[in-house]
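Visitor: File data_28.cif follows (mmCIF, C-alpha atoms):
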```cif
data_query
#
loop_
_atom_site.label_atom_id
_atom_site.label_comp_id
_atom_site.auth_asym_id
_atom_site.auth_seq_id
_atom_site.Cartn_x
_atom_site.Cartn_y
_atom_site.Cartn_z
CA MET A 1 96.59 149.28 168.43
CA ARG A 2 95.65 145.62 168.62
CA ARG A 3 97.72 144.98 165.50
CA TYR A 4 100.71 146.79 166.98
CA GLY A 5 100.26 144.92 170.27
CA ARG A 6 100.18 141.58 168.46
CA SER A 7 103.28 142.55 166.47
CA ALA A 8 105.03 143.43 169.70
CA VAL A 9 104.18 140.00 171.17
CA TYR A 10 105.48 138.32 168.03
CA GLY A 11 108.61 140.41 168.24
CA VAL A 12 109.19 139.38 171.86
CA LEU A 13 108.59 135.70 171.02
CA LEU A 14 110.94 135.91 168.04
CA GLY A 15 113.54 137.56 170.21
CA LEU A 16 113.20 134.85 172.86
CA ALA A 17 113.43 132.13 170.21
CA THR A 18 116.52 133.76 168.72
CA ALA A 19 118.10 134.02 172.15
CA ALA A 20 117.27 130.37 172.87
CA VAL A 21 118.84 129.23 169.59
CA ALA A 22 121.88 131.39 170.21
CA GLU A 23 122.27 129.86 173.68
CA ALA A 24 121.78 126.35 172.30
CA VAL A 25 124.56 126.71 169.72
CA ARG A 26 126.86 128.93 171.80
CA PRO A 27 130.29 127.26 172.06
CA ARG A 28 131.21 126.42 175.64
CA GLY A 29 134.85 125.68 175.05
CA GLY A 30 136.49 122.44 174.00
CA THR A 31 135.01 119.63 171.94
CA THR A 32 132.95 116.57 172.72
CA LEU A 33 131.92 113.24 171.24
CA LEU A 34 128.39 112.67 170.01
CA LEU A 35 128.01 109.52 172.12
CA ASP A 36 128.53 108.74 175.79
CA TRP A 37 129.16 104.99 176.13
CA ASP A 38 128.73 105.01 179.90
CA GLU A 39 125.31 106.60 179.54
CA VAL A 40 124.37 104.11 176.81
CA ARG A 41 125.24 101.26 179.16
CA ARG A 42 123.30 102.79 182.07
CA THR A 43 120.24 103.28 179.83
CA ALA A 44 120.38 99.72 178.50
CA ARG A 45 121.03 98.21 181.92
CA ALA A 46 118.07 100.05 183.45
CA ARG A 47 115.68 98.56 180.91
CA LEU A 48 116.69 94.92 181.37
CA ASP A 49 114.59 92.45 183.31
CA ASN A 50 116.66 89.85 185.17
CA PRO A 51 119.94 91.45 183.95
CA SER A 52 122.45 89.25 185.78
CA LEU A 53 122.98 85.64 186.84
CA GLU A 54 125.30 84.30 189.53
CA ARG A 55 128.84 83.66 188.28
CA GLY A 56 128.70 80.06 189.45
CA ARG A 57 125.56 79.47 187.43
CA LEU A 58 127.14 80.96 184.31
CA ALA A 59 130.28 78.86 184.81
CA THR A 60 128.19 75.69 185.12
CA ALA A 61 126.22 76.61 181.99
CA ALA A 62 129.46 77.24 180.06
CA MET A 63 130.83 73.83 181.05
CA GLY A 64 127.63 72.26 179.74
CA TYR A 65 127.91 74.17 176.44
CA ARG A 66 131.49 73.02 175.95
CA ALA A 67 130.64 69.40 176.64
CA LEU A 68 127.87 69.54 174.04
CA ALA A 69 130.12 71.35 171.57
CA ASP A 70 132.83 68.69 171.92
CA LYS A 71 130.32 66.02 170.90
CA LEU A 72 128.94 68.08 168.02
CA GLU A 73 132.24 69.15 166.46
CA LYS A 74 132.92 65.86 164.65
CA PRO A 75 129.51 65.57 162.93
CA LEU A 76 129.63 69.30 162.12
CA LEU A 77 133.03 69.11 160.44
CA GLY A 78 131.97 65.90 158.70
CA PHE A 79 129.10 67.81 157.13
CA VAL A 80 130.67 71.18 156.28
CA GLY A 81 134.37 70.24 155.89
CA GLY A 82 137.49 70.11 158.03
CA LEU A 83 139.71 72.73 159.61
CA PRO A 84 143.20 73.77 158.47
CA ARG A 85 146.13 72.45 160.46
CA GLY A 86 146.47 74.39 163.71
CA ALA A 87 142.98 75.90 163.56
CA SER A 88 140.44 75.20 166.27
CA MET A 89 137.04 76.27 167.54
CA PRO A 90 136.93 78.81 170.39
CA PRO A 91 135.35 77.60 173.65
CA PHE A 92 131.77 78.55 174.46
CA GLU A 93 130.97 81.07 177.18
CA ALA A 94 127.67 81.65 178.98
CA LEU A 95 126.36 85.22 179.21
CA ASP A 96 123.59 86.89 181.13
CA ARG A 97 121.81 89.87 179.60
CA GLU A 98 124.15 92.38 181.18
CA GLY A 99 127.13 90.42 179.86
CA TRP A 100 125.66 90.49 176.36
CA ILE A 101 125.26 94.28 176.59
CA ASP A 102 128.91 94.69 177.63
CA LEU A 103 130.12 92.35 174.88
CA ASN A 104 128.27 94.25 172.19
CA LEU A 105 129.22 97.67 173.51
CA GLY A 106 132.81 96.55 173.00
CA ILE A 107 132.05 95.40 169.46
CA LEU A 108 130.30 98.67 168.65
CA ARG A 109 133.16 100.73 170.02
CA ARG A 110 135.66 99.06 167.70
CA VAL A 111 133.67 100.36 164.73
CA VAL A 112 132.14 103.60 166.00
CA ASP A 113 134.94 105.18 168.04
CA PRO A 114 137.05 106.19 164.99
CA VAL A 115 133.98 107.84 163.46
CA LEU A 116 133.14 109.63 166.71
CA GLU A 117 136.69 110.87 167.11
CA ALA A 118 136.72 112.25 163.58
CA GLY A 119 133.35 113.94 164.13
CA ARG A 120 134.10 115.79 167.37
CA MET A 121 131.86 118.82 167.84
CA PRO A 122 132.31 122.07 169.79
CA ASN A 123 130.61 121.87 173.20
CA SER A 124 127.15 123.45 173.19
CA LEU A 125 123.70 122.90 174.64
CA LEU A 126 122.43 121.68 171.25
CA VAL A 127 125.16 119.05 171.05
CA GLU A 128 124.40 117.92 174.61
CA VAL A 129 120.71 117.48 173.80
CA GLY A 130 121.56 115.60 170.62
CA ARG A 131 123.95 113.32 172.49
CA MET A 132 121.27 112.53 175.07
CA GLY A 133 118.92 111.47 172.28
CA VAL A 134 121.51 109.24 170.61
CA ASP A 135 122.54 107.71 173.95
CA ARG A 136 118.96 106.81 174.80
CA TYR A 137 118.17 105.46 171.36
CA LEU A 138 121.18 103.17 171.34
CA GLY A 139 120.61 102.12 174.95
CA TYR A 140 116.97 101.21 174.23
CA MET A 141 117.95 99.21 171.14
CA LEU A 142 120.65 97.29 173.02
CA ALA A 143 118.19 96.50 175.81
CA PHE A 144 115.60 95.35 173.27
CA MET A 145 118.08 93.01 171.58
CA GLY A 146 119.57 91.94 174.91
CA ARG A 147 116.22 90.43 175.86
CA ARG A 148 115.93 88.43 172.61
CA VAL A 149 119.34 87.29 171.34
CA LEU A 150 120.00 83.59 172.02
CA GLY A 151 123.56 83.11 170.79
CA GLN A 152 126.42 84.98 169.16
CA TYR A 153 129.80 84.52 167.54
CA ASP A 154 132.30 87.38 167.79
CA PRO A 155 135.11 87.04 165.23
CA GLN A 156 136.95 90.02 166.77
CA LEU A 157 136.79 92.13 163.62
CA LEU A 158 138.85 95.31 163.96
CA GLY A 159 139.99 94.10 167.37
CA ALA A 160 143.32 95.14 168.80
CA GLU A 161 143.75 91.72 170.43
CA PRO A 162 145.78 89.00 168.70
CA MET A 163 144.01 86.84 166.15
CA GLY A 164 142.27 83.84 167.65
CA ALA A 165 140.62 85.76 170.49
CA GLU A 166 137.18 85.28 168.97
CA GLY A 167 134.35 84.03 171.16
CA LEU A 168 131.27 81.79 171.06
CA TYR A 169 128.38 82.67 173.34
CA LEU A 170 124.91 81.65 174.38
CA VAL A 171 122.80 84.08 176.39
CA GLU A 172 121.70 81.64 179.08
CA THR A 173 119.02 83.96 180.48
CA ASN A 174 117.23 84.19 177.14
CA VAL A 175 117.75 80.53 176.24
CA GLU A 176 116.33 79.40 179.57
CA GLU A 177 113.40 81.81 179.36
CA TRP A 178 112.46 80.65 175.86
CA GLN A 179 112.92 77.01 176.80
CA ARG A 180 110.57 77.42 179.75
CA HIS A 181 108.02 79.53 177.88
CA ALA A 182 107.83 77.18 174.86
CA ASN A 183 108.32 73.97 176.87
CA LEU A 184 111.34 72.89 174.79
CA PRO A 185 113.78 70.04 175.48
CA GLU A 186 116.66 71.58 177.41
CA GLU A 187 119.64 69.78 175.88
CA ASP A 188 118.33 69.65 172.32
CA LEU A 189 117.69 73.39 172.36
CA ARG A 190 121.24 74.17 173.40
CA ARG A 191 122.72 71.69 170.91
CA TRP A 192 120.66 73.28 168.15
CA LEU A 193 121.88 76.78 168.98
CA ILE A 194 125.46 75.55 169.43
CA LEU A 195 125.41 74.08 165.91
CA HIS A 196 124.51 77.48 164.48
CA GLU A 197 127.20 79.44 166.32
CA MET A 198 129.88 76.76 165.79
CA THR A 199 129.18 76.97 162.06
CA HIS A 200 130.03 80.66 162.18
CA ALA A 201 133.29 79.86 163.96
CA TRP A 202 134.10 77.24 161.30
CA GLN A 203 133.39 79.76 158.52
CA PHE A 204 136.13 82.06 159.79
CA ALA A 205 138.56 79.37 161.02
CA ALA A 206 138.45 77.32 157.82
CA HIS A 207 138.61 80.27 155.41
CA PRO A 208 141.44 82.66 156.36
CA TRP A 209 140.44 85.18 153.68
CA LEU A 210 137.07 85.94 155.30
CA ARG A 211 138.28 87.91 158.32
CA PRO A 212 140.61 90.32 156.44
CA TYR A 213 137.99 90.75 153.73
CA MET A 214 135.33 91.76 156.25
CA GLU A 215 137.79 94.01 158.10
CA GLN A 216 138.92 95.72 154.89
CA SER A 217 135.31 96.35 153.87
CA MET A 218 134.54 97.87 157.26
CA LYS A 219 137.69 100.01 157.13
CA GLU A 220 136.70 101.34 153.69
CA LEU A 221 133.34 102.43 155.08
CA ILE A 222 134.94 104.01 158.16
CA ASP A 223 137.56 105.79 156.04
CA SER A 224 134.85 107.18 153.76
CA VAL A 225 133.18 108.78 156.78
CA THR A 226 136.28 110.03 158.57
CA ARG A 227 138.15 111.31 155.49
CA LYS A 228 138.61 115.09 155.52
CA GLY A 229 137.10 117.06 152.69
CA PRO A 230 134.35 119.53 151.74
CA ALA A 231 131.39 119.71 154.13
CA VAL A 232 128.95 118.47 151.46
CA ALA A 233 131.07 115.41 150.75
CA ARG A 234 131.44 114.62 154.46
CA PHE A 235 127.69 114.97 155.00
CA ALA A 236 127.04 112.59 152.09
CA ALA A 237 129.54 110.15 153.58
CA PHE A 238 127.85 110.25 156.99
CA ALA A 239 124.49 109.70 155.27
CA GLY A 240 125.90 106.66 153.48
CA VAL A 241 124.90 107.79 149.98
CA LEU A 242 128.26 107.78 148.21
CA PRO A 243 128.46 105.32 145.27
CA ALA A 244 131.64 103.76 146.66
CA GLN A 245 129.88 103.17 149.98
CA TRP A 246 126.93 101.51 148.26
CA ARG A 247 129.26 99.18 146.40
CA VAL A 248 130.98 98.04 149.60
CA MET A 249 127.74 97.81 151.55
CA ARG A 250 126.08 95.69 148.87
CA GLN A 251 129.05 93.33 148.83
CA MET A 252 128.96 93.03 152.60
CA GLN A 253 125.21 92.49 152.63
CA GLY A 254 125.54 89.65 150.14
CA THR A 255 128.33 88.04 152.15
CA MET A 256 126.62 88.41 155.53
CA SER A 257 123.34 87.11 154.15
CA PHE A 258 125.13 84.00 152.90
CA VAL A 259 127.08 83.59 156.15
CA GLU A 260 123.84 83.62 158.17
CA GLY A 261 121.83 81.58 155.68
CA TYR A 262 124.52 78.90 155.45
CA SER A 263 124.58 78.59 159.26
CA ASN A 264 120.82 78.18 159.38
CA LEU A 265 121.00 75.47 156.71
CA VAL A 266 123.64 73.56 158.69
CA MET A 267 121.73 73.99 161.95
CA ASN A 268 118.58 72.58 160.40
CA GLU A 269 120.15 69.82 158.31
CA LEU A 270 122.26 68.45 161.16
CA GLY A 271 119.58 69.20 163.71
CA SER A 272 116.99 67.16 161.84
CA LYS A 273 119.39 64.19 161.80
CA THR A 274 120.76 64.37 165.34
CA LEU A 275 118.12 66.00 167.57
CA ALA A 276 115.06 64.04 168.68
CA GLY A 277 113.16 67.26 169.42
CA PHE A 278 114.06 69.03 166.18
CA ASP A 279 110.50 69.45 164.89
CA ARG A 280 109.42 71.03 168.18
CA LEU A 281 112.39 73.40 168.06
CA GLU A 282 111.72 74.49 164.50
CA ASP A 283 108.01 75.04 165.17
CA ALA A 284 108.81 77.04 168.32
CA TYR A 285 111.33 79.19 166.45
CA ARG A 286 108.77 80.06 163.80
CA ALA A 287 106.17 80.81 166.47
CA ARG A 288 108.69 83.06 168.24
CA GLY A 289 109.03 85.17 165.11
CA ARG A 290 105.26 85.40 164.68
CA SER A 291 104.52 86.33 168.30
CA ARG A 292 106.00 89.83 168.28
CA SER A 293 103.95 92.54 169.92
CA VAL A 294 102.92 95.68 168.04
CA VAL A 295 105.71 97.61 169.79
CA GLU A 296 108.29 94.96 168.81
CA ILE A 297 107.15 95.01 165.19
CA LEU A 298 107.46 98.80 165.17
CA ILE A 299 110.97 98.65 166.65
CA TRP A 300 112.09 96.05 164.12
CA ARG A 301 110.85 98.19 161.25
CA LEU A 302 112.11 101.54 162.52
CA THR A 303 115.60 100.21 163.20
CA GLY A 304 115.96 98.31 159.92
CA LEU A 305 116.22 94.98 161.76
CA ASP A 306 113.26 93.70 159.78
CA LEU A 307 115.06 94.38 156.49
CA LYS A 308 118.19 92.71 157.85
CA LEU A 309 116.17 89.64 158.81
CA GLN A 310 114.71 89.52 155.30
CA GLN A 311 118.25 89.55 153.86
CA TYR A 312 119.22 86.64 156.10
CA GLN A 313 116.10 84.75 155.04
CA LYS A 314 117.14 85.27 151.42
CA GLY A 315 120.56 83.90 152.32
CA GLU A 316 118.99 80.80 153.85
CA ALA A 317 116.69 80.30 150.84
CA PHE A 318 119.73 80.61 148.55
CA ALA A 319 121.77 78.09 150.55
CA ARG A 320 118.83 75.68 150.64
CA ALA A 321 118.23 75.96 146.90
CA VAL A 322 121.88 75.35 146.01
CA TYR A 323 122.23 72.51 148.52
CA ASP A 324 119.07 70.75 147.32
CA SER A 325 119.89 71.17 143.63
CA TYR A 326 123.66 70.74 143.48
CA GLY A 327 124.86 69.42 146.86
CA MET A 328 127.22 70.57 149.60
CA ASP A 329 130.38 70.47 147.48
CA VAL A 330 128.97 73.06 145.10
CA LEU A 331 127.55 75.21 147.91
CA ASN A 332 130.95 75.23 149.59
CA ARG A 333 132.51 76.78 146.49
CA ALA A 334 131.20 80.07 147.87
CA TRP A 335 133.97 79.83 150.47
CA ASN A 336 136.74 79.87 147.82
CA GLY A 337 137.11 83.63 148.16
CA ALA A 338 135.30 86.95 148.22
CA GLU A 339 134.72 86.79 144.46
CA SER A 340 132.87 83.48 144.92
CA MET A 341 130.34 84.88 147.37
CA PRO A 342 126.83 85.44 145.96
CA ASN A 343 125.91 89.06 145.39
CA LEU A 344 122.50 90.46 146.26
CA ASP A 345 121.12 89.72 142.78
CA GLU A 346 122.37 86.14 142.88
CA LEU A 347 120.81 85.54 146.30
CA ALA A 348 117.45 85.86 144.57
CA ASP A 349 118.60 83.75 141.59
CA PRO A 350 120.70 80.73 142.76
CA PRO A 351 121.07 79.22 139.25
CA ARG A 352 122.67 82.48 138.14
CA TRP A 353 125.35 82.10 140.86
CA TYR A 354 125.78 78.43 139.93
CA ARG A 355 126.41 79.28 136.28
CA ARG A 356 128.98 81.90 137.22
CA ILE A 357 130.86 79.71 139.68
CA VAL A 358 130.71 76.39 137.84
CA GLY A 359 131.13 77.97 134.42
CA VAL A 360 127.99 76.48 132.86
CA GLN A 361 126.89 78.30 129.72
CA ASN A 362 123.26 78.80 128.76
#
```
What is this file in structure tokens?
Guide:
Amino acid sequence: MRRYGRSAVYGVLLGLATAAVAEAVRPRGGTTLLLDWDEVRRTARARLDNPSLERGRLATAAMGYRALADKLEKPLLGFVGGLPRGASMPPFEALDREGWIDLNLGILRRVVDPVLEAGRMPNSLLVEVGRMGVDRYLGYMLAFMGRRVLGQYDPQLLGAEPMGAEGLYLVETNVEEWQRHANLPEEDLRRWLILHEMTHAWQFAAHPWLRPYMEQSMKELIDSVTRKGPAVARFAAFAGVLPAQWRVMRQMQGTMSFVEGYSNLVMNELGSKTLAGFDRLEDAYRARGRSRSVVEILIWRLTGLDLKLQQYQKGEAFARAVYDSYGMDVLNRAWNGAESMPNLDELADPPRWYRRIVGVQN
């Protein structure tokens, strides 16, 4: 009887579990997206310390950035190269942490919304629970980055706005907090960061091929995910394991690593020549990277940010090696077009890239 009683309990539990699963997947009419941007913003905003600054304070900070940028533009262009006729640098803006969240939610939506729209799901309890998890994950990650990012350049990739609406930003809250914590020289710190972000603006303004190339690469990835087809193929596309996706992603990784590494080289080369407090800034930046808590290290690794940082470090090492061995004129040949960019293998072997670009035979 005990065996039968136990079987009956198992039967009841199995029945309840089956009913729960059936209720979880039961269609409730209509379709929904797998992400709620408003909830993402609320989650991120709730986890920010000191999320907003007074508008007047941000306006004053922006005026200071622009004054510094005006003085730095000439030495920057003298080092990296000029701008085409009619091209110019966008003006700097000052952001607080909440402003950075809103800026990057807009950037994310340009890329993610087409994928979400193509992947609409029937309304069900299971989908609602899944959406809550995704919303919280993305909100937590944005809040984490919103407390650390110092500056940013937005080239308006995939933007509906007219070309030229790109933006240069420093996150004044984070810059001021780091300056105070590390006891850094106020003006030199901002000039140092401005050099880095202005270099990104120059990269896109001086090389008209770069924006459409990046946009086309991103569109290829989005199309591979949103293209209709067999369920297995669509699942593979969402997982990012298709050979065509790997090819595009590797090309983009090589390009973005060089873009970041080149900017770091310029920031450090010009910074060492023009900033009295450069050594203090460089030491503080290295210490900042070493001072992550256990939780921060875990987040960086789980999200892949650590791998991305390693790629950017490879880009900087590549730029440094080429610059030291062959000079700026040779390094700038990478900007001749997408085919001149180093690939991931060449990032680890600068002489290999040099031989390909310059045409030197072994």
Visitor: May I ask which of the residues A:Val358, A:Ala284, A:Leu210, A:Ile101 is the closest one to Met145 in chain A, counting all atoms listed in the file?
Guide: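 Checking each candidate against Met145 in chain A, we get A:Ile101 as the closest.
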Visitor: Given all atoms listed in the file as the basis, pick out the residue of A:Ala61, A:Leu142, A:Val111, A:Leu83 nearest to Ala44 in chain A.
Guide: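 That would be A:Leu142, the residue with the smallest distance to Ala44 in chain A.
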Visitor: So which residues touch Asn343 in chain A within 12 Å, counting only C-alpha atoms, skipping near sequence neighbours fewer than 4 positions away, as a list in words?
Guide: Arg247, Val248, Met249, Arg250, Gln251, Met252, Gln253, Gly254, Thr255, Met256, Ser257, Phe258, Gln311, Lys314, Gly315, Phe318, Ala334, Ala338, Glu339, Leu347, Ala348, Asp349, Pro350, Arg352, Trp353, Tyr354 and Arg356 of chain A
Visitor: When distances are computed from all atoms listed in the file, which of A:Pro51, A:Pro342, A:Gly337, A:Gly327 shows the smallest separation from Val80 in chain A?
Guide: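 Smallest separation from Val80 in chain A among the options: A:Gly327.
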Visitor: I'd like the interatomic distance between CA of Leu265 in chain A and CA of Gln310 in chain A, to a tenth of an Å.
Guide: 15.5 Å
Visitor: Do you have the CA of Thr60 in chain A-CA of Asn183 in chain A distance handy?
Guide: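 Answer for the CA of Thr60 in chain A to CA of Asn183 in chain A separation: 21.6 Å.
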Visitor: List the neighbours of range 71-77 of chain A out to 10 Å using all atoms listed in the file; skip same-chain residues closer than 4 positions along the sequence, and give me the result as a PyMOL selection string.
Guide: chain A and resi 66-67+81-83+89+191-192+194-196+198-199+202+266-267+270+274
Visitor: For the file shown, what are the residues hit by the PyMOL selection byres ((chain A and resi 106) around 12), laid out as a PDB file with C-alpha atoms, in the coordinates of the input?
Guide:
```
ATOM      1  CA  TRP A  37     129.160 104.990 176.130  1.00  0.00           C
ATOM      2  CA  ASP A  38     128.730 105.010 179.900  1.00  0.00           C
ATOM      3  CA  VAL A  40     124.370 104.110 176.810  1.00  0.00           C
ATOM      4  CA  ARG A  41     125.240 101.260 179.160  1.00  0.00           C
ATOM      5  CA  GLY A  99     127.130  90.420 179.860  1.00  0.00           C
ATOM      6  CA  TRP A 100     125.660  90.490 176.360  1.00  0.00           C
ATOM      7  CA  ILE A 101     125.260  94.280 176.590  1.00  0.00           C
ATOM      8  CA  ASP A 102     128.910  94.690 177.630  1.00  0.00           C
ATOM      9  CA  LEU A 103     130.120  92.350 174.880  1.00  0.00           C
ATOM     10  CA  ASN A 104     128.270  94.250 172.190  1.00  0.00           C
ATOM     11  CA  LEU A 105     129.220  97.670 173.510  1.00  0.00           C
ATOM     12  CA  ILE A 107     132.050  95.400 169.460  1.00  0.00           C
ATOM     13  CA  LEU A 108     130.300  98.670 168.650  1.00  0.00           C
ATOM     14  CA  ARG A 109     133.160 100.730 170.020  1.00  0.00           C
ATOM     15  CA  ARG A 110     135.660  99.060 167.700  1.00  0.00           C
ATOM     16  CA  VAL A 111     133.670 100.360 164.730  1.00  0.00           C
ATOM     17  CA  VAL A 112     132.140 103.600 166.000  1.00  0.00           C
ATOM     18  CA  ASP A 113     134.940 105.180 168.040  1.00  0.00           C
ATOM     19  CA  ASP A 154     132.300  87.380 167.790  1.00  0.00           C
ATOM     20  CA  GLN A 156     136.950  90.020 166.770  1.00  0.00           C
ATOM     21  CA  LEU A 157     136.790  92.130 163.620  1.00  0.00           C
ATOM     22  CA  LEU A 158     138.850  95.310 163.960  1.00  0.00           C
ATOM     23  CA  GLY A 159     139.990  94.100 167.370  1.00  0.00           C
ATOM     24  CA  ALA A 160     143.320  95.140 168.800  1.00  0.00           C
TER      25      ALA A 160
END
```
Visitor: Using only C-alpha atoms, can you tell me which of A:Gly359, A:Ser272, A:His207, A:Glu215 comes closest to Asn332 in chain A?
Guide: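 Among A:Gly359, A:Ser272, A:His207, A:Glu215, it is A:His207 that comes nearest to Asn332 in chain A.
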Visitor: Could you check how far CA of Arg42 in chain A sits from CA of Leu309 in chain A, in Å to one decimal?
Guide: 27.7 Å
Visitor: My list of candidates is A:Glu54, A:Glu187, A:Glu39, A:Asp49. Which is closest to Asp135 in chain A when distances are computed with only C-alpha atoms?
Guide: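 Checking each of A:Glu54, A:Glu187, A:Glu39, A:Asp49 against Asp135 in chain A, counting only C-alpha atoms, the winner is A:Glu39.
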Visitor: With a distance cut-off of 9 Å and all atoms listed in the file, select the neighbouring residues of Met132 in chain A, excluding the residue or stretch itself and same-chain residues fewer than 5 positions from it, and output the selection as a VMD selection string.
Guide: chain A and resid 34 to 36 39 127 137
Visitor: Enclose all atoms of range 57-71 of chain A listed in the file in an axis-aligned box, grow every side by 3 Å, and hand back centre and edge lengths in Å to one decimal, as AutoDock Vina command-line options.
Guide:
```
--center_x 129.2 --center_y 73.5 --center_z 179.2 --size_x 13.3 --size_y 20.9 --size_z 22.5
```
Visitor: Could you list, as a VMD selection string, every residue matched by the PyMOL selection byres ((chain A and resi 176) around 12) in this structure?
Guide: chain A and resid 50 53 58 61 94 to 97 147 to 151 170 to 175 177 to 187 189 to 190
